[in-house]
Amino acid sequence: MAELVEMYRRELGWAGELRRKEADWAYIESRPEPLRTALGILVETGDLWYAAALTGVDLEGLNEERIRARIPIVVV
């Protein structure tokens, strides 16, 4: 069980690194608040719904911005 948890943690870490590396940070920084914060949360967590709910940004609009910001969806 501990091995499985550790493997999952590594995968989550890898996914976060990939999102941070691939994201267009200049685009993200150019967006107004609260969209900028929502995109930052999305990069860190990979959870579109959580980022939208936490910041009050429309889920569909955030997903469109995710595409423009080149933030990949990573399935772990």
# chains A, B, ... in the order shown; residues from 1 in each chain; ligands from 1
>>> select_by_dssp(residues="chain A", states="alpha helix (DSSP H)", output="PyMOL selection string")
chain A and resi 2-22+25-30+35-45+48-55+59-68
>>> residues_around(residues="A:Ala15", least_positions_apart="6", cutoff="12 Å", atoms="only C-alpha atoms", output="PyMOL selection string")
chain A and resi 8-9+21-22+42-47+71-76
>>> write_last_selection(atoms="C-alpha atoms", output="compact mmCIF listing (two decimals), in the first residue's frame")
# COMPACT_ATOMS: atom_id res chain seq x y z
CA TYR A 8 0.87 8.17 -6.90
CA ARG A 9 2.79 11.05 -5.24
CA LYS A 21 6.80 23.74 -17.78
CA GLU A 22 4.22 23.83 -20.58
CA LEU A 42 -5.04 25.18 -12.13
CA VAL A 43 -1.33 24.87 -12.93
CA GLU A 44 -0.54 23.81 -9.37
CA THR A 45 -3.45 21.44 -8.75
CA GLY A 46 -4.58 20.31 -12.19
CA ASP A 47 -8.17 20.56 -10.94
CA ILE A 71 -1.95 24.35 -19.65
CA PRO A 72 -2.21 20.66 -20.43
CA ILE A 73 -4.74 18.30 -18.86
CA VAL A 74 -2.70 15.50 -17.32
CA VAL A 75 -4.47 12.32 -16.25
CA VAL A 76 -2.73 10.43 -13.45
>>> residues_around(residues="stretch 24-32 of chain A", least_positions_apart="3", cutoff="8 Å", atoms="only C-alpha atoms", output="ChimeraX atom specification")
/A:35-36,39-40,68-71
>>> write_last_selection(atoms="N, CA and C atoms", output="PDB file, in the first residue's frame")
ATOM      1  N   LEU A  35      -8.992  35.769 -12.798  1.00  0.00           N
ATOM      2  CA  LEU A  35      -8.622  34.761 -13.784  1.00  0.00           C
ATOM      3  C   LEU A  35      -7.159  34.347 -13.636  1.00  0.00           C
ATOM      4  N   ARG A  36      -6.280  35.298 -13.377  1.00  0.00           N
ATOM      5  CA  ARG A  36      -4.856  34.985 -13.206  1.00  0.00           C
ATOM      6  C   ARG A  36      -4.660  34.004 -12.052  1.00  0.00           C
ATOM      7  N   LEU A  39      -5.962  30.494 -13.019  1.00  0.00           N
ATOM      8  CA  LEU A  39      -5.012  29.776 -13.884  1.00  0.00           C
ATOM      9  C   LEU A  39      -3.816  29.272 -13.074  1.00  0.00           C
ATOM     10  N   GLY A  40      -3.341  30.070 -12.133  1.00  0.00           N
ATOM     11  CA  GLY A  40      -2.240  29.635 -11.275  1.00  0.00           C
ATOM     12  C   GLY A  40      -2.619  28.432 -10.430  1.00  0.00           C
ATOM     13  N   ARG A  68      -5.841  28.592 -24.078  1.00  0.00           N
ATOM     14  CA  ARG A  68      -5.030  29.731 -24.546  1.00  0.00           C
ATOM     15  C   ARG A  68      -3.702  29.811 -23.787  1.00  0.00           C
ATOM     16  N   ALA A  69      -3.738  29.442 -22.501  1.00  0.00           N
ATOM     17  CA  ALA A  69      -2.516  29.485 -21.670  1.00  0.00           C
ATOM     18  C   ALA A  69      -1.657  28.246 -21.839  1.00  0.00           C
ATOM     19  N   ARG A  70      -2.087  27.340 -22.697  1.00  0.00           N
ATOM     20  CA  ARG A  70      -1.354  26.096 -22.989  1.00  0.00           C
ATOM     21  C   ARG A  70      -1.085  25.248 -21.731  1.00  0.00           C
ATOM     22  N   ILE A  71      -2.052  25.199 -20.841  1.00  0.00           N
ATOM     23  CA  ILE A  71      -1.946  24.354 -19.650  1.00  0.00           C
ATOM     24  C   ILE A  71      -2.534  22.990 -20.016  1.00  0.00           C
TER      25      ILE A  71
END
>>> atom_distance(atom1="atom CA of A:Arg20", atom2="atom CA of A:Val5")
22.6 Å
>>> atom_distance(atom1="atom CA of A:Ala23", atom2="atom CA of A:Glu11")
18.2 Å
>>> atom_distance(atom1="atom CA of A:Trp14", atom2="atom CA of A:Ala51")
19.4 Å
